[in-house]
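What follows is the content of final_15.csv, which has CSV, C-alpha atoms and all ligand atoms:
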chain,number,residue,atom,x,y,z
A,1,MET,CA,-31.9,144.1,89.1
A,2,ILE,CA,-28.2,144.6,89.9
A,3,ILE,CA,-26.7,148.0,90.6
A,4,ILE,CA,-23.1,148.3,89.9
A,5,MET,CA,-21.6,151.3,91.7
A,6,SER,CA,-18.7,153.2,90.2
A,7,ARG,CA,-15.2,152.6,91.6
A,8,GLU,CA,-15.2,156.1,93.1
A,9,ALA,CA,-18.7,155.8,94.8
A,10,SER,CA,-18.7,156.9,98.4
A,11,ALA,CA,-20.2,155.0,101.3
A,12,GLU,CA,-23.0,157.6,101.5
A,13,GLN,CA,-23.9,157.1,97.8
A,14,VAL,CA,-24.1,153.3,98.4
A,15,THR,CA,-26.4,154.0,101.4
A,16,ARG,CA,-28.5,156.3,99.4
A,17,VAL,CA,-29.1,153.7,96.7
A,18,GLN,CA,-30.0,151.1,99.3
A,19,GLN,CA,-32.5,153.5,100.9
A,20,GLN,CA,-34.1,154.2,97.6
A,21,LEU,CA,-34.5,150.4,96.9
A,22,ARG,CA,-36.0,149.8,100.4
A,23,ALA,CA,-38.4,152.7,100.0
A,24,SER,CA,-39.6,151.0,96.8
A,25,GLY,CA,-40.3,147.8,98.7
A,26,LEU,CA,-37.3,145.8,97.5
A,27,GLY,CA,-34.9,143.7,99.5
A,28,VAL,CA,-31.2,144.6,99.3
A,29,HIS,CA,-28.2,142.4,99.0
A,30,LEU,CA,-24.9,144.1,99.3
A,31,SER,CA,-21.7,142.6,97.8
A,32,GLN,CA,-18.7,144.6,98.7
A,33,GLY,CA,-15.8,143.6,96.4
A,34,VAL,CA,-12.2,144.8,96.5
A,35,GLU,CA,-12.8,147.0,93.5
A,36,ARG,CA,-16.4,148.1,93.7
A,37,THR,CA,-19.7,147.6,95.4
A,38,ILE,CA,-22.5,145.7,93.7
A,39,ILE,CA,-26.1,146.0,95.1
A,40,GLY,CA,-28.7,143.3,94.3
A,41,ALA,CA,-32.3,144.4,94.5
A,42,ILE,CA,-34.6,141.6,95.4
A,43,GLY,CA,-38.4,141.6,94.7
A,44,ASP,CA,-40.8,142.9,92.0
A,45,ARG,CA,-39.9,146.3,90.7
A,46,SER,CA,-41.9,148.9,89.0
A,47,PRO,CA,-40.8,149.9,85.4
A,48,GLU,CA,-39.9,153.4,86.5
A,49,LEU,CA,-37.5,152.3,89.2
A,50,MET,CA,-34.6,151.3,86.9
A,51,PRO,CA,-34.0,154.7,85.3
A,52,MET,CA,-34.6,156.3,88.7
A,53,VAL,CA,-31.8,154.3,90.3
A,54,ALA,CA,-29.5,154.6,87.3
A,55,ALA,CA,-29.7,158.4,87.8
A,56,LEU,CA,-28.5,158.3,91.4
A,57,ALA,CA,-25.0,159.6,92.2
A,58,GLY,CA,-22.3,156.9,92.2
A,59,VAL,CA,-24.3,154.4,90.1
A,60,GLU,CA,-22.3,153.2,87.1
A,61,ARG,CA,-24.8,150.7,85.6
A,62,VAL,CA,-28.1,149.0,86.3
A,63,ILE,CA,-28.6,145.5,84.9
A,64,PRO,CA,-32.0,144.0,84.9
A,65,ILE,CA,-32.1,140.3,85.9
A,66,LEU,CA,-34.9,138.8,84.0
A,67,LYS,CA,-34.6,135.4,85.7
A,68,PRO,CA,-36.8,135.0,88.7
A,69,PHE,CA,-33.9,133.7,90.7
A,70,LYS,CA,-31.5,136.5,91.6
A,71,LEU,CA,-29.0,135.6,94.3
A,72,ALA,CA,-28.5,132.2,92.6
A,73,SER,CA,-28.1,133.7,89.2
A,74,ARG,CA,-24.9,134.1,87.2
A,75,ASP,CA,-26.0,137.6,86.1
A,76,PHE,CA,-25.8,138.5,89.8
A,77,GLN,CA,-22.5,136.8,90.5
A,78,PRO,CA,-20.5,135.9,87.4
A,79,GLU,CA,-17.7,134.0,89.2
A,80,SER,CA,-18.5,130.5,90.4
A,81,THR,CA,-19.2,130.0,94.1
A,82,LEU,CA,-16.9,127.7,96.0
A,83,VAL,CA,-18.5,125.7,98.8
A,84,GLN,CA,-16.2,124.2,101.3
A,85,VAL,CA,-17.2,121.1,103.4
A,86,GLY,CA,-14.5,119.7,105.6
A,87,ALA,CA,-11.4,119.6,103.4
A,88,ALA,CA,-13.4,119.4,100.1
A,89,VAL,CA,-14.2,122.3,97.9
A,90,PHE,CA,-17.2,122.1,95.5
A,91,GLY,CA,-17.1,124.3,92.4
A,92,GLY,CA,-13.4,124.5,91.8
A,93,GLU,CA,-10.9,122.2,90.1
A,94,GLU,CA,-11.6,119.3,92.4
A,95,THR,CA,-14.3,116.8,91.5
A,96,VAL,CA,-15.8,116.0,94.9
A,97,VAL,CA,-17.1,112.5,95.4
A,98,ILE,CA,-19.7,111.8,98.1
A,99,ALA,CA,-20.3,108.1,98.8
A,100,GLY,CA,-22.0,105.9,101.4
A,101,PRO,CA,-25.1,103.9,102.0
A,102,CYS,CA,-28.6,105.1,101.3
A,103,ALA,CA,-29.5,104.5,104.9
A,104,ILE,CA,-27.4,104.2,108.1
A,105,GLU,CA,-28.0,100.7,109.3
A,106,ASP,CA,-25.3,99.8,111.9
A,107,GLU,CA,-21.8,100.6,112.9
A,108,GLU,CA,-20.2,97.8,111.0
A,109,GLN,CA,-21.9,98.7,107.8
A,110,LEU,CA,-21.1,102.4,108.1
A,111,LEU,CA,-17.5,102.2,109.3
A,112,SER,CA,-16.4,99.6,106.7
A,113,THR,CA,-18.0,101.7,104.0
A,114,ALA,CA,-16.4,104.9,105.3
A,115,GLN,CA,-13.0,103.4,105.4
A,116,HIS,CA,-13.3,102.0,102.0
A,117,ILE,CA,-14.6,105.0,100.2
A,118,LYS,CA,-12.0,107.2,101.9
A,119,ALA,CA,-9.2,105.0,100.6
A,120,ALA,CA,-10.7,105.1,97.1
A,121,GLY,CA,-10.8,108.9,97.0
A,122,ALA,CA,-14.2,110.0,98.3
A,123,ARG,CA,-14.2,113.2,100.4
A,124,LEU,CA,-17.6,113.1,102.1
A,125,LEU,CA,-19.6,110.3,103.7
A,126,ARG,CA,-23.3,110.1,103.0
A,127,GLY,CA,-25.9,108.1,104.9
A,128,GLY,CA,-29.5,108.8,105.8
A,129,ALA,CA,-30.7,108.8,109.4
A,130,PHE,CA,-34.1,110.2,108.4
A,131,LYS,CA,-35.4,108.4,105.2
A,132,PRO,CA,-38.4,109.8,103.4
A,133,ARG,CA,-39.6,106.6,101.6
A,134,THR,CA,-42.1,106.2,98.9
A,135,SER,CA,-44.0,103.8,101.2
A,136,PRO,CA,-44.6,104.8,104.7
A,137,TYR,CA,-44.2,101.1,105.7
A,138,SER,CA,-40.6,101.0,104.4
A,139,PHE,CA,-37.6,101.5,106.7
A,140,GLN,CA,-37.6,105.1,107.8
A,141,GLY,CA,-34.0,105.3,109.2
A,142,LEU,CA,-32.4,105.1,112.6
A,143,LYS,CA,-33.0,108.8,113.3
A,144,SER,CA,-31.0,110.3,116.1
A,145,GLU,CA,-29.2,107.0,116.8
A,146,GLY,CA,-28.1,107.0,113.2
A,147,LEU,CA,-26.8,110.6,113.5
A,148,LYS,CA,-24.7,109.6,116.5
A,149,LEU,CA,-23.3,106.6,114.5
A,150,ILE,CA,-22.3,108.7,111.5
A,151,GLN,CA,-20.7,111.3,113.7
A,152,GLU,CA,-18.5,108.7,115.4
A,153,VAL,CA,-17.6,107.1,112.1
A,154,ALA,CA,-16.8,110.5,110.6
A,155,LYS,CA,-14.5,111.3,113.5
A,156,GLU,CA,-12.7,108.0,113.2
A,157,THR,CA,-12.2,108.3,109.4
A,158,GLY,CA,-11.7,112.1,109.1
A,159,LEU,CA,-14.5,112.3,106.5
A,160,ALA,CA,-17.1,115.1,106.5
A,161,VAL,CA,-20.8,114.1,106.7
A,162,VAL,CA,-23.7,115.0,104.6
A,163,THR,CA,-27.1,113.7,105.7
A,164,GLU,CA,-30.7,114.4,104.9
A,165,VAL,CA,-33.0,116.6,107.0
A,166,VAL,CA,-36.7,116.2,106.4
A,167,SER,CA,-38.4,118.5,108.8
A,168,PRO,CA,-37.7,122.2,109.8
A,169,HIS,CA,-37.9,121.1,113.5
A,170,GLU,CA,-35.0,118.7,113.0
A,171,VAL,CA,-32.5,121.1,111.3
A,172,GLU,CA,-30.9,122.1,114.6
A,173,LEU,CA,-30.5,118.5,115.6
A,174,VAL,CA,-29.1,117.3,112.3
A,175,ALA,CA,-26.7,120.3,112.2
A,176,ARG,CA,-25.1,119.1,115.4
A,177,TYR,CA,-23.9,115.9,113.7
A,178,ALA,CA,-23.3,116.8,110.1
A,179,GLN,CA,-21.1,119.2,108.1
A,180,MET,CA,-23.6,119.5,105.2
A,181,LEU,CA,-27.4,119.3,105.2
A,182,GLN,CA,-29.2,117.4,102.4
A,183,ILE,CA,-32.6,118.4,101.1
A,184,GLY,CA,-34.1,115.4,99.3
A,185,ALA,CA,-36.0,115.4,96.1
A,186,ARG,CA,-39.3,115.0,97.9
A,187,ASN,CA,-38.6,118.1,99.9
A,188,MET,CA,-37.3,120.5,97.3
A,189,GLN,CA,-40.4,122.7,97.6
A,190,ASN,CA,-40.8,122.3,101.3
A,191,TYR,CA,-40.5,126.1,101.9
A,192,ALA,CA,-40.5,126.0,105.7
A,193,LEU,CA,-37.6,123.5,105.5
A,194,LEU,CA,-35.7,125.6,102.9
A,195,GLN,CA,-36.0,128.6,105.1
A,196,GLU,CA,-34.8,126.8,108.1
A,197,VAL,CA,-31.7,125.4,106.4
A,198,GLY,CA,-31.2,128.9,105.0
A,199,ARG,CA,-30.9,130.1,108.6
A,200,ALA,CA,-28.4,127.3,109.5
A,201,LYS,CA,-24.7,127.9,109.3
A,202,LEU,CA,-24.0,124.8,107.3
A,203,PRO,CA,-23.7,124.2,103.5
A,204,VAL,CA,-26.7,122.7,101.9
A,205,LEU,CA,-27.0,120.0,99.3
A,206,LEU,CA,-30.2,120.7,97.4
A,207,LYS,CA,-31.5,117.8,95.3
A,208,ARG,CA,-33.7,118.5,92.4
A,209,GLY,CA,-37.3,117.5,92.8
A,210,MET,CA,-38.2,114.6,90.5
A,211,ALA,CA,-40.8,116.7,88.7
A,212,ALA,CA,-39.2,120.1,89.1
A,213,THR,CA,-38.1,122.3,86.3
A,214,ILE,CA,-34.6,123.8,86.4
A,215,GLU,CA,-36.1,127.1,87.1
A,216,GLU,CA,-38.1,125.7,90.1
A,217,TRP,CA,-34.9,124.1,91.4
A,218,LEU,CA,-33.0,127.3,91.3
A,219,MET,CA,-35.9,129.1,92.9
A,220,ALA,CA,-35.7,126.6,95.7
A,221,ALA,CA,-32.0,127.5,96.1
A,222,GLU,CA,-33.1,131.2,96.1
A,223,TYR,CA,-35.3,130.5,99.2
A,224,ILE,CA,-32.3,129.1,101.1
A,225,MET,CA,-30.0,132.0,100.0
A,226,LYS,CA,-32.6,134.6,100.8
A,227,GLU,CA,-32.2,133.6,104.4
A,228,GLY,CA,-28.5,134.4,104.3
A,229,ASN,CA,-27.0,131.0,103.5
A,230,TYR,CA,-25.2,131.2,100.2
A,231,GLN,CA,-23.4,127.8,100.7
A,232,VAL,CA,-25.7,125.8,98.4
A,233,VAL,CA,-24.7,122.9,96.2
A,234,LEU,CA,-27.2,121.7,93.6
A,235,CYS,CA,-27.7,118.0,92.9
A,236,GLU,CA,-29.3,116.6,89.7
A,237,ARG,CA,-30.7,113.2,90.7
A,238,GLY,CA,-32.8,112.3,87.8
A,239,ILE,CA,-36.4,113.3,86.9
A,240,ARG,CA,-39.5,111.3,86.2
A,241,THR,CA,-40.1,110.6,82.6
A,242,PHE,CA,-42.2,108.0,80.6
A,243,GLU,CA,-39.2,105.7,80.7
A,244,THR,CA,-39.7,102.7,83.1
A,245,ALA,CA,-36.4,100.8,82.4
A,246,THR,CA,-34.6,103.2,84.7
A,247,ARG,CA,-35.8,104.6,88.1
A,248,ASN,CA,-35.5,108.1,86.8
A,249,THR,CA,-33.9,109.8,83.8
A,250,LEU,CA,-30.6,111.7,84.4
A,251,ASP,CA,-31.1,115.2,83.0
A,252,VAL,CA,-27.7,115.9,81.6
A,253,SER,CA,-28.8,119.2,80.0
A,254,ALA,CA,-29.9,120.4,83.4
A,255,ILE,CA,-26.4,120.0,84.7
A,256,ALA,CA,-25.0,122.1,81.9
A,257,LEU,CA,-27.8,124.7,82.1
A,258,ALA,CA,-27.7,125.0,85.9
A,259,LYS,CA,-24.0,125.7,85.6
A,260,GLU,CA,-24.7,128.4,82.9
A,261,TRP,CA,-27.6,130.1,84.7
A,262,SER,CA,-26.2,129.8,88.2
A,263,HIS,CA,-22.9,130.3,89.9
A,264,LEU,CA,-23.6,127.6,92.4
A,265,PRO,CA,-21.7,124.2,92.2
A,266,VAL,CA,-23.7,121.4,90.6
A,267,ILE,CA,-23.2,117.7,91.3
A,268,ALA,CA,-25.0,114.6,90.0
A,269,ASP,CA,-26.3,111.5,91.7
A,270,PRO,CA,-26.2,108.6,89.1
A,271,SER,CA,-27.4,106.1,91.7
A,272,HIS,CA,-30.9,107.6,92.2
A,273,ALA,CA,-31.0,108.8,88.6
A,274,SER,CA,-30.7,105.2,87.3
A,275,GLY,CA,-31.7,102.9,90.1
A,276,ARG,CA,-29.3,100.4,88.6
A,277,ARG,CA,-25.7,99.9,89.7
A,278,ASN,CA,-24.4,99.0,86.3
A,279,LEU,CA,-25.4,102.4,85.0
A,280,VAL,CA,-23.6,104.4,87.7
A,281,LEU,CA,-20.3,104.6,85.8
A,282,PRO,CA,-21.7,105.6,82.4
A,283,LEU,CA,-24.0,108.2,84.0
A,284,ALA,CA,-21.2,109.5,86.2
A,285,ARG,CA,-19.1,110.0,83.1
A,286,ALA,CA,-21.9,111.8,81.3
A,287,ALA,CA,-22.5,114.1,84.3
A,288,LEU,CA,-18.8,115.0,84.6
A,289,ALA,CA,-18.5,115.6,80.8
A,290,ALA,CA,-21.5,118.0,81.1
A,291,GLY,CA,-19.7,120.0,83.7
A,292,ALA,CA,-20.7,118.5,87.1
A,293,ASP,CA,-18.5,119.5,90.0
A,294,GLY,CA,-18.9,116.2,91.8
A,295,LEU,CA,-20.8,113.0,92.3
A,296,MET,CA,-22.9,111.4,94.9
A,297,VAL,CA,-22.9,107.6,94.8
A,298,GLU,CA,-24.5,104.9,97.0
A,299,VAL,CA,-22.2,102.3,98.3
A,300,HIS,CA,-23.0,99.4,100.7
A,301,PRO,CA,-20.8,96.5,101.9
A,302,HIS,CA,-23.6,94.0,100.9
A,303,PRO,CA,-26.0,95.6,98.6
A,304,GLU,CA,-28.1,92.5,98.4
A,305,THR,CA,-29.1,92.9,102.1
A,306,ALA,CA,-29.3,96.7,102.1
A,307,LEU,CA,-32.4,98.1,103.9
A,308,SER,CA,-32.9,100.6,101.1
A,309,ASP,CA,-31.8,101.1,97.5
A,310,GLY,CA,-29.8,97.9,97.3
A,311,ALA,CA,-30.3,97.6,93.5
A,312,GLN,CA,-28.5,100.8,92.8
A,313,SER,CA,-25.9,100.5,95.5
A,314,LEU,CA,-22.3,99.5,94.6
A,315,ASP,CA,-20.2,97.1,96.6
A,316,PHE,CA,-16.7,98.1,97.5
A,317,ALA,CA,-15.1,96.5,94.4
A,318,GLN,CA,-17.7,98.1,92.1
A,319,PHE,CA,-17.1,101.5,93.7
A,320,ASP,CA,-13.3,101.1,93.1
A,321,ALA,CA,-14.1,100.2,89.5
A,322,VAL,CA,-16.2,103.4,89.1
A,323,ILE,CA,-13.5,105.6,90.4
A,324,LYS,CA,-10.9,103.9,88.2
A,325,GLY,CA,-13.3,104.2,85.3
A,326,LEU,CA,-13.5,108.0,85.8
A,327,THR,CA,-9.8,108.6,85.8
A,328,PRO,CA,-9.1,108.9,82.1
A,329,LEU,CA,-12.1,111.3,81.7
A,330,LEU,CA,-11.0,113.4,84.6
A,331,THR,CA,-7.6,113.7,83.1
A,332,ALA,CA,-9.1,114.7,79.7
A,333,LEU,CA,-11.2,117.3,81.5
A,334,GLY,CA,-8.2,118.6,83.4
A,335,ARG,CA,-9.9,117.8,86.7
A,336,ARG,CA,-8.8,115.8,89.7
A,337,LEU,CA,-10.5,113.9,92.5
B,401,LIG,C1,-31.1,109.8,99.0
B,401,LIG,O1,-30.1,110.5,98.7
B,401,LIG,O2,-30.9,108.7,99.6
B,401,LIG,C2,-32.4,110.1,98.6
B,401,LIG,C3,-33.5,109.8,99.2
B,401,LIG,O3,-32.4,110.8,97.4
B,401,LIG,P1,-33.6,111.6,96.7
B,401,LIG,O4,-34.1,112.6,97.6
B,401,LIG,O5,-32.9,112.2,95.5
B,401,LIG,O6,-34.6,110.6,96.2
B,402,MN,MN,-31.2,106.2,98.4
Translate this structure into C-alpha cells?
Ligand code: PEP
Ligand code: MN
Amino acid sequence: MIIIMSREASAEQVTRVQQQLRASGLGVHLSQGVERTIIGAIGDRSPELMPMVAALAGVERVIPILKPFKLASRDFQPESTLVQVGAAVFGGEETVVIAGPCAIEDEEQLLSTAQHIKAAGARLLRGGAFKPRTSPYSFQGLKSEGLKLIQEVAKETGLAVVTEVVSPHEVELVARYAQMLQIGARNMQNYALLQEVGRAKLPVLLKRGMAATIEEWLMAAEYIMKEGNYQVVLCERGIRTFETATRNTLDVSAIALAKEWSHLPVIADPSHASGRRNLVLPLARAALAAGADGLMVEVHPHPETALSDGAQSLDFAQFDAVIKGLTPLLTALGRRL
C-alpha cells in the first residue's frame, strides 16, 4: 500500500508511520517530494493494517496496491521514470536507439559499427562480451578482452555502452567497463543476479524472459529496485509462441501494458523478436506506435560472417534504411531520435 501524507505532516508524523509499518513486518520506501511525502509499504500486510495506518496523525490517504509489484508500479509513482545513460534519456520525449553487434568479435568490427551507428543517430553501443548461447558449444564471447575493446571503442566514439552480465560474480567487473548493465532473457529470473545489479550504481536493461508473463517481468524489475537501484529500463524482446516462421513473437500488447502498469521506460528489440533482418523495420514501427521509448537493434559490418545472430543483424546500409524508415512515424508521434 501507499501512504500519502498530508501537506502539513510533520517529520515526527512521517517517522511514526514508518515505525508502525516496520513493526508490522513491512519494508518502507520513502519518497520525499517537494509538496508532500509518500510512503510505500513493501511486503504482505494484514487486513487490519490499512485502517490502522489511515488513522495515524498526518496521514491523508492510504491506497492499496493490488499488483504484486510495488516500486515498479504506476500506482506507486504516477509520473514516468527517466533513466539517463550517457547523454541519452529513456522515458522522455527522446526515442533512444541502441545498436551494435550481437557479440563483440574484434576491434575492426566494433569500431566501424560504432562509428556508423553513431552517425546514423544511435545513442548507445551494444555488444556482448559474455554470451549465454542456446548451445554450450556456440561462441561464448570474448569475455574481459571484449569488455576492454568495447570500452576503448566507446571512448573513441563518445557512445555509452550497454553489455550483458550473466553472473552475479561478474557484475563488478562489467560495471567497470559499461554505462548500463543488460540482463538477458535467459537470466530474467536469476534472482541472485537481479539482486547484484540492484546493488550496482548503474542503470539496468532488463530483457523479458522468453516465457515470462508481463507480471513476472515486472516482478523481476521489482527485485532490482528493492535493492535500491531504480534505474531500470524494460526491454520486450519477443516471447516463445507456437509460431516457427519467426524466432520469437514480438508482444506488442506487452509494450503498451508495461507502460500502463509501470512508470519504468520500455524499449523493444525487434532483432531478437523476429530473428529476421527484413522484419526489423516493421516491428520497430509497431513497437514505437505501441508506446516504446526506444529500440535495440543488432548491426554488423558483415552479417553473413557474424559469429552470432547474423540472420537478424542489419548491415550499415540496412540500419540507415531502418532509421530513415522510422522518421515519418516518429514525426507523427511527436517524438525524436
Ligand atoms: C542479446 O541481446 O544479444 C541477447 C542474447 O538477447 P536475449 O537475452 O533477448 O536473447
Ligand atoms: Mn543476439
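For the pair CA of Arg208 (chain A) and CA of Val266 (chain A), the separation is 10.6 Å.
Counting from CA of Leu26 (chain A), the distance to CA of Pro203 (chain A) is 26.2 Å.
Pairwise distance (CA of Asp106 (chain A), CA of Ala273 (chain A)) equals 25.6 Å.
Proximity to Leu234 (chain A) was assessed for A:Leu206, A:Ala284, A:Leu257, A:Leu279 counting only C-alpha atoms; the smallest distance is recorded for A:Leu206.
Taking all atoms listed in the file into account, ligand LIG 401 (chain B) lies nearest to A:Gly128 out of the set A:Pro282, A:Gly228, A:Gly334, A:Gly128.
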- request: Considering all atoms listed in the file, return as number ranges by chain whatever protein or nucleic-acid residues lie within 12 Å of Phe69 (chain A), sequence-local ones (same chain, fewer than 3 positions apart) excluded.
  value: A: 1, 40-44, 64-66, 72-77, 214-226, 258, 261-263
message: Neighbours of ligand MN 402 (chain B) at 8 Å or closer, counting only C-alpha atoms and all ligand atoms: which residues, as a PyMOL selection string?
response: chain A and resi 101-103+271-272+298+308-309
- line: One residue among A:Pro265, A:Gly158, A:Gly100, A:Pro68 is nearest to ligand LIG 401 (chain B) when using all atoms listed in the file, and that residue is A:Gly100
query: Which of these, A:Val165, A:Ala88, A:Ala317, A:Val232, has the shortest distance to ligand LIG 401 (chain B) once you count only C-alpha atoms and all ligand atoms?
result: A:Val165
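Across A:Leu283, A:Ile183, A:Val197, A:Ile267, the tightest approach to ligand LIG 401 (chain B) is made by A:Ile183 when counting all atoms listed in the file.
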Skip region 139-147 of chain A itself and residues of its chain fewer than 2 positions away, then list as a PDB file with C-alpha atoms, keeping the file's coordinate frame all residues within 7 Å of it, counting only C-alpha atoms.
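Here's the written file around.pdb:
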ATOM      1  CA  ALA A 103     -29.500 104.500 104.900  1.00  0.00           C
ATOM      2  CA  ILE A 104     -27.400 104.200 108.100  1.00  0.00           C
ATOM      3  CA  GLY A 128     -29.500 108.800 105.800  1.00  0.00           C
ATOM      4  CA  ALA A 129     -30.700 108.800 109.400  1.00  0.00           C
ATOM      5  CA  PHE A 130     -34.100 110.200 108.400  1.00  0.00           C
ATOM      6  CA  LYS A 131     -35.400 108.400 105.200  1.00  0.00           C
ATOM      7  CA  PRO A 132     -38.400 109.800 103.400  1.00  0.00           C
ATOM      8  CA  ARG A 133     -39.600 106.600 101.600  1.00  0.00           C
ATOM      9  CA  TYR A 137     -44.200 101.100 105.700  1.00  0.00           C
ATOM     10  CA  LEU A 149     -23.300 106.600 114.500  1.00  0.00           C
ATOM     11  CA  ILE A 150     -22.300 108.700 111.500  1.00  0.00           C
ATOM     12  CA  GLN A 151     -20.700 111.300 113.700  1.00  0.00           C
ATOM     13  CA  TYR A 177     -23.900 115.900 113.700  1.00  0.00           C
ATOM     14  CA  LEU A 307     -32.400  98.100 103.900  1.00  0.00           C
TER      15      LEU A 307
END
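Of the listed residues A:Ala321, A:Ile2, A:Leu202, A:Val162, the one whose atoms come nearest to ligand LIG 401 (chain B) is A:Val162, with distances taken using all atoms listed in the file.
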- prompt: Around (-9.0, 107.0, 109.4) in the file's own coordinates, what residues are found within 12 Å if you use only C-alpha atoms, given back as a ChimeraX atom specification?
  reply: /A:111-119,152-160
Those residues you just picked out, can you put them in a file as a CSV table (one decimal), in the coordinates of the input with C-alpha atoms?
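After the write, result-v9.csv holds the following:
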chain,number,residue,atom,x,y,z
A,111,LEU,CA,-17.5,102.2,109.3
A,112,SER,CA,-16.4,99.6,106.7
A,113,THR,CA,-18.0,101.7,104.0
A,114,ALA,CA,-16.4,104.9,105.3
A,115,GLN,CA,-13.0,103.4,105.4
A,116,HIS,CA,-13.3,102.0,102.0
A,117,ILE,CA,-14.6,105.0,100.2
A,118,LYS,CA,-12.0,107.2,101.9
A,119,ALA,CA,-9.2,105.0,100.6
A,152,GLU,CA,-18.5,108.7,115.4
A,153,VAL,CA,-17.6,107.1,112.1
A,154,ALA,CA,-16.8,110.5,110.6
A,155,LYS,CA,-14.5,111.3,113.5
A,156,GLU,CA,-12.7,108.0,113.2
A,157,THR,CA,-12.2,108.3,109.4
A,158,GLY,CA,-11.7,112.1,109.1
A,159,LEU,CA,-14.5,112.3,106.5
A,160,ALA,CA,-17.1,115.1,106.5
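Near Leu193 (chain A), within 9 Å and counting all atoms listed in the file, sit Val165, Val166, Ser167, Pro168, His169, Val171, Ile183, Asn187, Met188, Gly198 and Ile224 of chain A; same-chain residues fewer than 5 positions away were not included.
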task: Tell me which protein, DNA and RNA residues are within 12 Å of Ala87 (chain A), counting all atoms listed in the file, leaving out same-chain ones fewer than 6 positions away, and put them as a list in words.
output: Glu94, Val96, Ala122, Arg123, Leu124, Gly158, Leu159, Ala160, Val161 and Gln179 of chain A
Could you write region 3-21 of chain A as a CSV table (one decimal), in the coordinates of the input, with N, CA and C atoms rebuilt where they are missing?
chain,number,residue,atom,x,y,z
A,3,ILE,N,-27.3,146.7,90.7
A,3,ILE,CA,-26.7,148.0,90.6
A,3,ILE,C,-25.2,148.0,90.8
A,4,ILE,N,-24.5,148.3,89.8
A,4,ILE,CA,-23.1,148.3,89.9
A,4,ILE,C,-22.6,149.8,90.2
A,5,MET,N,-22.0,149.9,91.3
A,5,MET,CA,-21.6,151.3,91.7
A,5,MET,C,-20.2,151.6,91.1
A,6,SER,N,-20.0,152.8,90.8
A,6,SER,CA,-18.7,153.2,90.2
A,6,SER,C,-17.6,153.0,91.2
A,7,ARG,N,-16.3,152.8,90.7
A,7,ARG,CA,-15.2,152.6,91.6
A,7,ARG,C,-15.0,153.7,92.7
A,8,GLU,N,-15.4,154.9,92.3
A,8,GLU,CA,-15.2,156.1,93.1
A,8,GLU,C,-16.4,156.3,94.1
A,9,ALA,N,-17.5,155.5,94.0
A,9,ALA,CA,-18.7,155.8,94.8
A,9,ALA,C,-18.4,155.8,96.3
A,10,SER,N,-19.0,156.8,96.9
A,10,SER,CA,-18.7,156.9,98.4
A,10,SER,C,-19.7,156.0,99.1
A,11,ALA,N,-19.4,155.8,100.4
A,11,ALA,CA,-20.2,155.0,101.3
A,11,ALA,C,-21.6,155.6,101.4
A,12,GLU,N,-21.7,156.9,101.4
A,12,GLU,CA,-23.0,157.6,101.5
A,12,GLU,C,-23.8,157.4,100.2
A,13,GLN,N,-23.2,157.4,99.1
A,13,GLN,CA,-23.9,157.1,97.8
A,13,GLN,C,-24.4,155.7,97.8
A,14,VAL,N,-23.7,154.7,98.3
A,14,VAL,CA,-24.1,153.3,98.4
A,14,VAL,C,-25.3,153.3,99.3
A,15,THR,N,-25.3,153.9,100.4
A,15,THR,CA,-26.4,154.0,101.4
A,15,THR,C,-27.6,154.6,100.7
A,16,ARG,N,-27.4,155.7,100.0
A,16,ARG,CA,-28.5,156.3,99.4
A,16,ARG,C,-29.3,155.4,98.4
A,17,VAL,N,-28.5,154.6,97.6
A,17,VAL,CA,-29.1,153.7,96.7
A,17,VAL,C,-29.9,152.6,97.5
A,18,GLN,N,-29.3,152.1,98.5
A,18,GLN,CA,-30.0,151.1,99.3
A,18,GLN,C,-31.3,151.7,99.9
A,19,GLN,N,-31.3,152.9,100.4
A,19,GLN,CA,-32.5,153.5,100.9
A,19,GLN,C,-33.6,153.6,99.9
A,20,GLN,N,-33.2,154.0,98.7
A,20,GLN,CA,-34.1,154.2,97.6
A,20,GLN,C,-34.8,152.8,97.3
A,21,LEU,N,-34.0,151.8,97.2
A,21,LEU,CA,-34.5,150.4,96.9
A,21,LEU,C,-35.5,150.0,98.0
